[in-house]
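Containing TSV, C-alpha atoms: my_file.tsv.
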chain	number	residue	atom	x	y	z
A	1	MET	CA	125.25	32.86	71.21
A	2	SER	CA	127.06	30.37	73.42
A	3	ARG	CA	125.09	27.67	75.12
A	4	ARG	CA	125.08	27.57	78.87
A	5	THR	CA	125.75	24.18	80.41
A	6	LEU	CA	124.18	23.03	83.64
A	7	GLN	CA	126.81	22.50	86.31
A	8	LEU	CA	126.65	21.73	89.98
A	9	PRO	CA	127.89	24.58	92.20
A	10	SER	CA	131.50	24.12	93.30
A	11	TRP	CA	130.36	24.27	96.91
A	12	LEU	CA	127.98	21.34	96.39
A	13	PRO	CA	130.14	18.31	95.57
A	14	PHE	CA	128.59	15.02	94.62
A	15	ASP	CA	131.20	12.35	95.14
A	16	PRO	CA	131.52	10.37	91.85
A	17	TYR	CA	132.26	7.30	93.91
A	18	VAL	CA	128.79	7.51	95.43
A	19	LEU	CA	127.36	7.36	91.91
A	20	THR	CA	129.42	4.21	91.38
A	21	LEU	CA	128.03	2.77	94.60
A	22	ILE	CA	124.50	3.54	93.45
A	23	GLY	CA	125.27	1.87	90.12
A	24	THR	CA	126.50	-1.20	92.00
A	25	VAL	CA	123.23	-1.32	93.96
A	26	VAL	CA	121.29	-1.11	90.68
A	27	LEU	CA	123.42	-3.91	89.21
A	28	ALA	CA	122.79	-6.11	92.24
A	29	THR	CA	119.06	-5.38	91.93
A	30	LEU	CA	118.94	-6.34	88.26
A	31	LEU	CA	121.50	-9.17	88.32
A	32	PRO	CA	121.68	-10.66	91.82
A	33	THR	CA	123.75	-13.77	92.39
A	34	SER	CA	122.31	-16.93	93.89
A	35	GLY	CA	123.28	-20.49	94.69
A	36	THR	CA	126.88	-21.52	93.97
A	37	ALA	CA	127.68	-18.17	92.35
A	38	ALA	CA	126.54	-16.34	95.48
A	39	ASP	CA	128.77	-18.55	97.64
A	40	ALA	CA	131.75	-17.83	95.38
A	41	VAL	CA	131.13	-14.07	95.36
A	42	GLY	CA	130.68	-14.15	99.15
A	43	GLY	CA	134.03	-15.88	99.57
A	44	VAL	CA	135.77	-13.33	97.36
A	45	SER	CA	134.05	-10.52	99.27
A	46	ALA	CA	135.29	-11.92	102.59
A	47	GLY	CA	138.81	-11.98	101.17
A	48	ALA	CA	138.39	-8.39	99.97
A	49	VAL	CA	137.39	-7.27	103.47
A	50	ALA	CA	140.49	-8.94	104.93
A	51	LEU	CA	142.64	-7.21	102.29
A	52	LEU	CA	141.06	-3.85	103.09
A	53	PHE	CA	141.86	-4.09	106.78
A	54	PHE	CA	145.38	-5.30	106.03
A	55	LEU	CA	145.90	-2.17	103.93
A	56	TYR	CA	144.35	0.00	106.67
A	57	GLY	CA	146.81	-1.43	109.16
A	58	ALA	CA	149.79	-1.09	106.83
A	59	ARG	CA	148.99	2.55	106.03
A	60	LEU	CA	148.10	3.81	109.47
A	61	SER	CA	151.09	5.32	111.24
A	62	THR	CA	150.54	4.34	114.85
A	63	ARG	CA	153.42	6.60	115.92
A	64	GLU	CA	151.76	9.64	114.35
A	65	ALA	CA	148.47	8.79	116.04
A	66	LEU	CA	150.21	8.34	119.40
A	67	ASP	CA	152.23	11.54	118.91
A	68	GLY	CA	148.94	13.33	118.47
A	69	LEU	CA	147.97	12.38	122.00
A	70	ARG	CA	149.88	15.44	123.15
A	71	HIS	CA	146.68	17.27	122.16
A	72	TRP	CA	144.72	14.78	124.22
A	73	ARG	CA	141.78	17.08	125.07
A	74	LEU	CA	140.98	17.58	121.40
A	75	HIS	CA	141.20	13.88	120.60
A	76	LEU	CA	139.07	12.89	123.57
A	77	THR	CA	136.48	15.42	122.42
A	78	VAL	CA	136.41	13.93	118.91
A	79	LEU	CA	136.19	10.39	120.33
A	80	ALA	CA	133.36	11.49	122.62
A	81	CYS	CA	131.47	12.87	119.61
A	82	THR	CA	132.10	9.74	117.54
A	83	PHE	CA	131.57	6.98	120.09
A	84	ALA	CA	129.38	8.62	122.77
A	85	LEU	CA	127.20	11.46	121.42
A	86	PHE	CA	126.48	9.76	118.11
A	87	PRO	CA	125.41	6.46	119.77
A	88	LEU	CA	123.26	8.35	122.30
A	89	LEU	CA	121.43	10.15	119.49
A	90	GLY	CA	121.12	6.85	117.66
A	91	LEU	CA	119.53	5.23	120.69
A	92	ALA	CA	117.17	8.19	121.08
A	93	ALA	CA	116.04	7.64	117.47
A	94	GLY	CA	114.69	4.28	118.60
A	95	GLY	CA	111.53	6.14	119.56
A	96	LEU	CA	110.82	6.60	115.85
A	97	VAL	CA	110.28	2.84	115.38
A	98	PRO	CA	107.95	1.69	113.85
A	99	TYR	CA	106.14	4.95	113.05
A	100	VAL	CA	108.92	6.63	111.03
A	101	LEU	CA	111.64	4.01	110.62
A	102	THR	CA	111.34	0.26	110.21
A	103	PRO	CA	113.28	-1.85	112.72
A	104	GLN	CA	115.71	-2.86	109.94
A	105	LEU	CA	116.41	0.74	108.88
A	106	TYR	CA	116.79	1.76	112.51
A	107	GLY	CA	119.40	-0.98	112.96
A	108	GLY	CA	121.36	0.50	110.06
A	109	LEU	CA	120.97	4.02	111.47
A	110	LEU	CA	122.24	2.90	114.86
A	111	PHE	CA	125.16	1.12	113.19
A	112	LEU	CA	126.26	4.27	111.33
A	113	CYS	CA	126.32	6.04	114.71
A	114	LEU	CA	128.96	3.52	115.86
A	115	VAL	CA	131.29	3.77	112.84
A	116	PRO	CA	134.61	5.65	113.25
A	117	SER	CA	135.24	9.07	111.77
A	118	THR	CA	136.68	9.71	108.32
A	119	VAL	CA	140.31	10.60	107.69
A	120	GLN	CA	140.49	12.03	104.16
A	121	SER	CA	137.42	14.25	104.19
A	122	SER	CA	138.06	15.46	107.76
A	123	ILE	CA	141.51	16.64	106.68
A	124	ALA	CA	140.21	18.11	103.42
A	125	PHE	CA	137.43	20.19	104.95
A	126	THR	CA	139.59	21.29	107.89
A	127	SER	CA	142.18	22.52	105.38
A	128	ILE	CA	139.58	24.38	103.33
A	129	ALA	CA	138.18	26.04	106.47
A	130	ARG	CA	141.70	27.01	107.63
A	131	GLY	CA	141.52	24.89	110.75
A	132	ASN	CA	144.09	22.81	112.64
A	133	VAL	CA	145.05	20.30	109.92
A	134	PRO	CA	147.64	18.32	111.98
A	135	ALA	CA	145.00	17.84	114.67
A	136	ALA	CA	142.49	16.63	112.05
A	137	ILE	CA	145.04	14.13	110.72
A	138	CYS	CA	145.71	12.72	114.18
A	139	ALA	CA	142.04	12.78	115.20
A	140	GLY	CA	140.93	10.90	112.09
A	141	SER	CA	143.73	8.36	112.37
A	142	PHE	CA	143.16	7.80	116.08
A	143	SER	CA	139.41	7.42	115.55
A	144	SER	CA	140.04	4.79	112.85
A	145	LEU	CA	142.43	2.92	115.13
A	146	VAL	CA	139.99	2.92	118.05
A	147	GLY	CA	137.06	2.06	115.78
A	148	ILE	CA	138.68	-1.19	114.63
A	149	PHE	CA	138.18	-2.51	118.17
A	150	LEU	CA	135.32	-0.41	119.55
A	151	THR	CA	132.78	-0.41	116.69
A	152	PRO	CA	132.22	-4.21	116.66
A	153	LEU	CA	131.91	-4.26	120.45
A	154	LEU	CA	129.42	-1.38	120.52
A	155	ALA	CA	127.45	-2.98	117.68
A	156	ALA	CA	127.25	-6.25	119.58
A	157	LEU	CA	126.14	-4.47	122.76
A	158	LEU	CA	123.64	-2.00	121.30
A	159	ILE	CA	122.29	-3.81	118.24
A	160	GLY	CA	122.48	-7.27	119.73
A	161	GLY	CA	121.32	-10.20	117.63
A	162	GLY	CA	121.28	-8.13	114.43
A	163	ALA	CA	125.04	-7.84	114.68
A	164	GLY	CA	125.61	-11.36	115.84
A	165	GLY	CA	125.75	-10.57	119.54
A	166	PHE	CA	128.67	-11.96	121.54
A	167	SER	CA	128.44	-15.44	120.12
A	168	ALA	CA	131.70	-17.32	119.61
A	169	ASP	CA	131.13	-17.48	115.84
A	170	SER	CA	130.62	-13.73	115.44
A	171	LEU	CA	133.63	-12.87	117.60
A	172	LEU	CA	135.80	-15.33	115.68
A	173	LYS	CA	134.63	-13.78	112.40
A	174	ILE	CA	135.50	-10.29	113.64
A	175	VAL	CA	138.94	-11.41	114.78
A	176	LEU	CA	139.77	-13.29	111.57
A	177	GLN	CA	138.40	-10.79	109.05
A	178	LEU	CA	139.10	-7.49	110.77
A	179	LEU	CA	141.60	-7.62	113.61
A	180	VAL	CA	144.09	-10.21	112.33
A	181	PRO	CA	144.59	-8.53	108.92
A	182	PHE	CA	144.81	-5.10	110.59
A	183	VAL	CA	147.45	-6.24	113.08
A	184	ALA	CA	149.34	-8.04	110.30
A	185	GLY	CA	149.39	-4.80	108.30
A	186	GLN	CA	150.75	-2.90	111.30
A	187	LEU	CA	153.46	-5.50	111.89
A	188	LEU	CA	154.50	-5.54	108.22
A	189	ARG	CA	154.25	-1.78	107.73
A	190	ARG	CA	157.99	-1.39	108.09
A	191	TRP	CA	158.58	-3.54	105.01
A	192	VAL	CA	155.52	-2.79	102.86
A	193	GLY	CA	155.02	0.88	103.73
A	194	GLY	CA	157.31	2.11	100.96
A	195	PHE	CA	155.56	-0.05	98.37
A	196	LEU	CA	152.16	1.28	99.45
A	197	VAL	CA	153.35	4.87	99.14
A	198	ARG	CA	154.82	4.28	95.66
A	199	HIS	CA	151.63	2.61	94.43
A	200	LYS	CA	149.15	4.71	96.38
A	201	LYS	CA	146.98	5.53	93.36
A	202	ALA	CA	146.72	1.92	92.13
A	203	LEU	CA	145.96	0.63	95.63
A	204	GLY	CA	143.26	3.26	95.93
A	205	TYR	CA	141.44	1.49	93.11
A	206	VAL	CA	141.91	-1.79	94.98
A	207	ASP	CA	140.32	-0.24	98.07
A	208	ARG	CA	137.34	1.12	96.20
A	209	GLY	CA	136.93	-1.99	94.08
A	210	SER	CA	136.86	-4.12	97.22
A	211	ILE	CA	134.18	-1.93	98.77
A	212	LEU	CA	132.11	-2.12	95.58
A	213	LEU	CA	132.34	-5.91	95.78
A	214	VAL	CA	131.16	-5.80	99.39
A	215	VAL	CA	128.20	-3.60	98.40
A	216	TYR	CA	127.30	-5.86	95.46
A	217	THR	CA	127.42	-8.96	97.65
A	218	ALA	CA	125.31	-7.38	100.41
A	219	PHE	CA	122.63	-5.98	98.12
A	220	SER	CA	122.60	-9.06	95.90
A	221	GLN	CA	121.77	-11.17	98.92
A	222	GLY	CA	119.28	-8.55	100.07
A	223	VAL	CA	117.48	-8.55	96.71
A	224	THR	CA	117.01	-12.32	96.84
A	225	GLU	CA	115.43	-11.82	100.27
A	226	GLY	CA	113.13	-8.99	99.12
A	227	ILE	CA	114.95	-5.91	100.46
A	228	TRP	CA	113.08	-3.46	98.20
A	229	HIS	CA	109.76	-4.80	99.46
A	230	GLN	CA	110.86	-3.74	102.94
A	231	VAL	CA	111.89	-0.16	102.03
A	232	SER	CA	109.17	1.99	100.47
A	233	PRO	CA	109.92	5.44	98.97
A	234	GLY	CA	108.17	6.99	101.95
A	235	ARG	CA	110.37	5.14	104.43
A	236	LEU	CA	113.48	6.09	102.44
A	237	GLY	CA	112.43	9.74	102.50
A	238	ALA	CA	111.86	9.50	106.25
A	239	LEU	CA	115.36	8.05	106.65
A	240	VAL	CA	116.86	11.00	104.77
A	241	GLY	CA	114.97	13.41	107.03
A	242	VAL	CA	116.10	11.66	110.23
A	243	GLU	CA	119.70	11.62	109.07
A	244	ALA	CA	119.55	15.32	108.18
A	245	VAL	CA	118.47	16.06	111.75
A	246	LEU	CA	121.20	13.76	113.10
A	247	LEU	CA	123.90	15.50	111.06
A	248	ALA	CA	122.66	18.97	112.01
A	249	ALA	CA	122.64	18.02	115.70
A	250	MET	CA	126.20	16.68	115.59
A	251	LEU	CA	127.51	19.69	113.67
A	252	ALA	CA	125.98	22.00	116.26
A	253	LEU	CA	127.07	19.96	119.28
A	254	SER	CA	130.65	19.56	118.05
A	255	TRP	CA	131.00	23.27	117.18
A	256	TYR	CA	129.35	24.90	120.19
A	257	GLY	CA	130.43	22.16	122.58
A	258	ALA	CA	134.06	22.72	121.61
A	259	LYS	CA	133.61	26.45	122.18
A	260	ARG	CA	132.18	25.77	125.62
A	261	LEU	CA	135.22	23.61	126.40
A	262	GLY	CA	137.53	26.52	125.60
A	263	PHE	CA	139.00	25.43	122.25
A	264	GLY	CA	140.21	28.05	119.78
A	265	ARG	CA	138.75	28.53	116.31
A	266	ALA	CA	141.27	26.30	114.48
A	267	ASP	CA	140.75	23.44	116.94
A	268	ARG	CA	136.96	23.84	116.83
A	269	ILE	CA	137.04	23.42	113.06
A	270	ALA	CA	139.02	20.18	113.36
A	271	ILE	CA	136.67	18.92	116.08
A	272	GLN	CA	133.55	19.76	114.06
A	273	PHE	CA	134.68	18.04	110.86
A	274	ALA	CA	136.28	15.02	112.53
A	275	GLY	CA	133.53	14.63	115.12
A	276	SER	CA	130.47	14.96	112.88
A	277	LYS	CA	131.31	12.52	110.07
A	278	LYS	CA	131.32	8.76	109.57
A	279	SER	CA	133.62	6.63	107.43
A	280	LEU	CA	132.04	4.81	104.51
A	281	ALA	CA	135.31	3.01	103.78
A	282	ALA	CA	135.47	1.51	107.28
A	283	GLY	CA	131.74	1.05	107.83
A	284	LEU	CA	130.82	-0.95	104.72
A	285	PRO	CA	133.24	-3.85	105.24
A	286	MET	CA	132.49	-3.91	108.97
A	287	ALA	CA	128.77	-4.19	108.23
A	288	SER	CA	129.35	-7.11	105.87
A	289	VAL	CA	131.09	-9.00	108.69
A	290	LEU	CA	128.78	-7.99	111.54
A	291	PHE	CA	125.38	-8.24	109.84
A	292	GLY	CA	125.87	-11.03	107.31
A	293	ALA	CA	122.61	-11.59	105.41
A	294	GLU	CA	121.10	-8.34	106.75
A	295	ALA	CA	124.04	-6.17	105.60
A	296	SER	CA	122.13	-4.58	102.72
A	297	LEU	CA	119.71	-2.72	105.01
A	298	ALA	CA	122.50	-2.00	107.47
A	299	VAL	CA	124.67	-0.16	104.93
A	300	LEU	CA	121.87	1.82	103.26
A	301	PRO	CA	121.68	4.52	106.00
A	302	LEU	CA	125.49	4.84	105.99
A	303	MET	CA	125.60	5.36	102.21
A	304	VAL	CA	122.93	8.07	102.42
A	305	PHE	CA	124.64	9.79	105.37
A	306	HIS	CA	128.03	9.73	103.61
A	307	GLN	CA	126.88	11.84	100.66
A	308	MET	CA	124.85	14.14	102.90
A	309	GLN	CA	127.85	14.88	105.12
A	310	LEU	CA	130.04	15.71	102.12
A	311	MET	CA	127.55	18.18	100.69
A	312	VAL	CA	126.75	19.91	103.97
A	313	CYS	CA	130.36	20.05	105.22
A	314	ALA	CA	131.51	21.49	101.88
A	315	VAL	CA	129.14	24.43	102.39
A	316	ILE	CA	130.30	24.92	105.99
A	317	ALA	CA	133.99	24.68	105.06
A	318	LYS	CA	133.58	27.35	102.36
A	319	ARG	CA	131.81	29.61	104.84
A	320	ARG	CA	134.54	29.15	107.46
A	321	SER	CA	137.13	29.86	104.75
A	322	ARG	CA	135.47	33.15	103.82
A	323	ASP	CA	135.26	34.13	107.49
A	324	ALA	CA	138.97	33.44	107.91
A	325	ALA	CA	139.81	35.32	104.70
A	326	GLY	CA	138.07	38.36	106.10
A	327	GLU	CA	140.47	38.17	109.03
A	328	GLY	CA	143.51	38.06	106.75
A	329	ALA	CA	144.24	34.30	106.75
A	330	GLU	CA	146.15	32.60	103.95
A	331	ALA	CA	144.35	31.19	100.93
A	332	ALA	CA	143.18	27.60	101.21
A	333	PRO	CA	142.76	24.92	98.55
A	334	SER	CA	139.39	24.60	96.83
A	335	VAL	CA	137.02	21.68	97.28
A	336	SER	CA	137.85	20.41	93.79
A	337	SER	CA	141.55	20.15	94.66
A	338	VAL	CA	141.10	18.03	97.77
A	339	PRO	CA	139.82	14.46	97.90
A	340	VAL	CA	136.66	14.20	99.98
A	341	ALA	CA	135.83	10.51	99.82
A	342	GLY	CA	136.36	8.48	102.95
Take the structure in the file and write it out as structure tokens.
Amino acid sequence: MSRRTLQLPSWLPFDPYVLTLIGTVVLATLLPTSGTAADAVGGVSAGAVALLFFLYGARLSTREALDGLRHWRLHLTVLACTFALFPLLGLAAGGLVPYVLTPQLYGGLLFLCLVPSTVQSSIAFTSIARGNVPAAICAGSFSSLVGIFLTPLLAALLIGGGAGGFSADSLLKIVLQLLVPFVAGQLLRRWVGGFLVRHKKALGYVDRGSILLVVYTAFSQGVTEGIWHQVSPGRLGALVGVEAVLLAAMLALSWYGAKRLGFGRADRIAIQFAGSKKSLAAGLPMASVLFGAEASLAVLPLMVFHQMQLMVCAVIAKRRSRDAAGEGAEAAPSVSSVPVAG
């Protein structure tokens, strides 16, 4: 008799990278840095953030994003979901403080509402669901481009002192660590673009390694300041519940709102997947710059939301795919064949 092995359903992906992130948090909890070592790791982390945004700028095809403006109604709808509806729901969640969420966790929840949309996973799930893939590519890229400038400004306005406010020091830090490297990448894209394409896989490890370093630095500093004394299991469970409601609301608003605006099925799929998700890759380094010593609590809600959105959107994409198959559409790639991290 053959033994049956326990496997996760194919429609319920658990991003291995999230497991690595969790492992990094555990490492920072057990072996946090302090003193001179913490200063050194912080300096390397700041350099890693600058490198990340240089690579973002060098990879992002501004011409493709601008060409996508021909479908301006769709892109404005996605931007409205990302930078208007999400923040409004985040502000409404302020009524849960301090009964459900602590002020620190609420600050992180509000921050995730300001982060730009994903690119990779929006494209992947739109493809699986047989939606408008070119529109998803442009929407994700345009959201990332706008988010470089808009997310820090919204964070300063809505979160205030927790994100550094509009002080000269915080603005200078944003410019030097985020905007300058991004613009430099855009300017040098003509010369380095080919190299990035040829070494895409290796540079992907650089991206993820840099983000892991950012997470380790943030949580290491948080542990020395007693982060786990501030987040009880009950509060963490409450955060998961609040984020589940937030995700469900955005999935419903993006889908039925797009229908009300007159978009076809393929466009509605692109709007739903691009408009309901948040980028872990962009949000983590931004949080390290904007929140400084409080970054550990700021990134926790984003890390939880990231995995939740992957699992829920995988189910929805499979359902949309089956619906389209019943109407005679072409076969689409499976979840396992498409990268969903982002």
A:Leu212, A:Ala298, A:Ile269, A:Leu251 ranked by distance to A:Ile159, top pick (using all atoms listed in the file):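 When distances to A:Ile159 are compared using all atoms listed in the file, the smallest one comes from A:Ala298.
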Can you pull out the residues contacting A:Ile211? Cut-off 8 Å, using only C-alpha atoms, and skip same-chain residues under 5 positions away; I want them as number ranges by chain. A: 48-49, 281, 284-285
So, with all atoms listed in the file as the atoms that count, which of A:Leu88, A:Leu79, A:Leu178, A:Val192 lies closest to A:Ser141?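 Between A:Leu88, A:Leu79, A:Leu178, A:Val192, the residue approaching A:Ser141 most closely is A:Leu79.
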Closest pair table for stretch 269-290 of chain A residues within 7 Å of stretch 96-119 of chain A, only C-alpha atoms, as a Markdown table:
| residue | atom | partner | partner_atom | distance |
| --- | --- | --- | --- | --- |
| A:Ala274 | CA | A:Ser117 | CA | 6.1 |
| A:Gly275 | CA | A:Ser117 | CA | 6.7 |
| A:Lys277 | CA | A:Ser117 | CA | 5.5 |
| A:Lys278 | CA | A:Ser117 | CA | 4.5 |
| A:Ser279 | CA | A:Thr118 | CA | 4.4 |
| A:Gly283 | CA | A:Val115 | CA | 5.7 |
Just the number, please: distance in Å from atom CA of A:Pro32 to atom CA of A:Val215, one decimal. 11.6 Å
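In this structure, atom CA of A:Leu150 sits 11.3 Å away from atom CA of A:Leu179.
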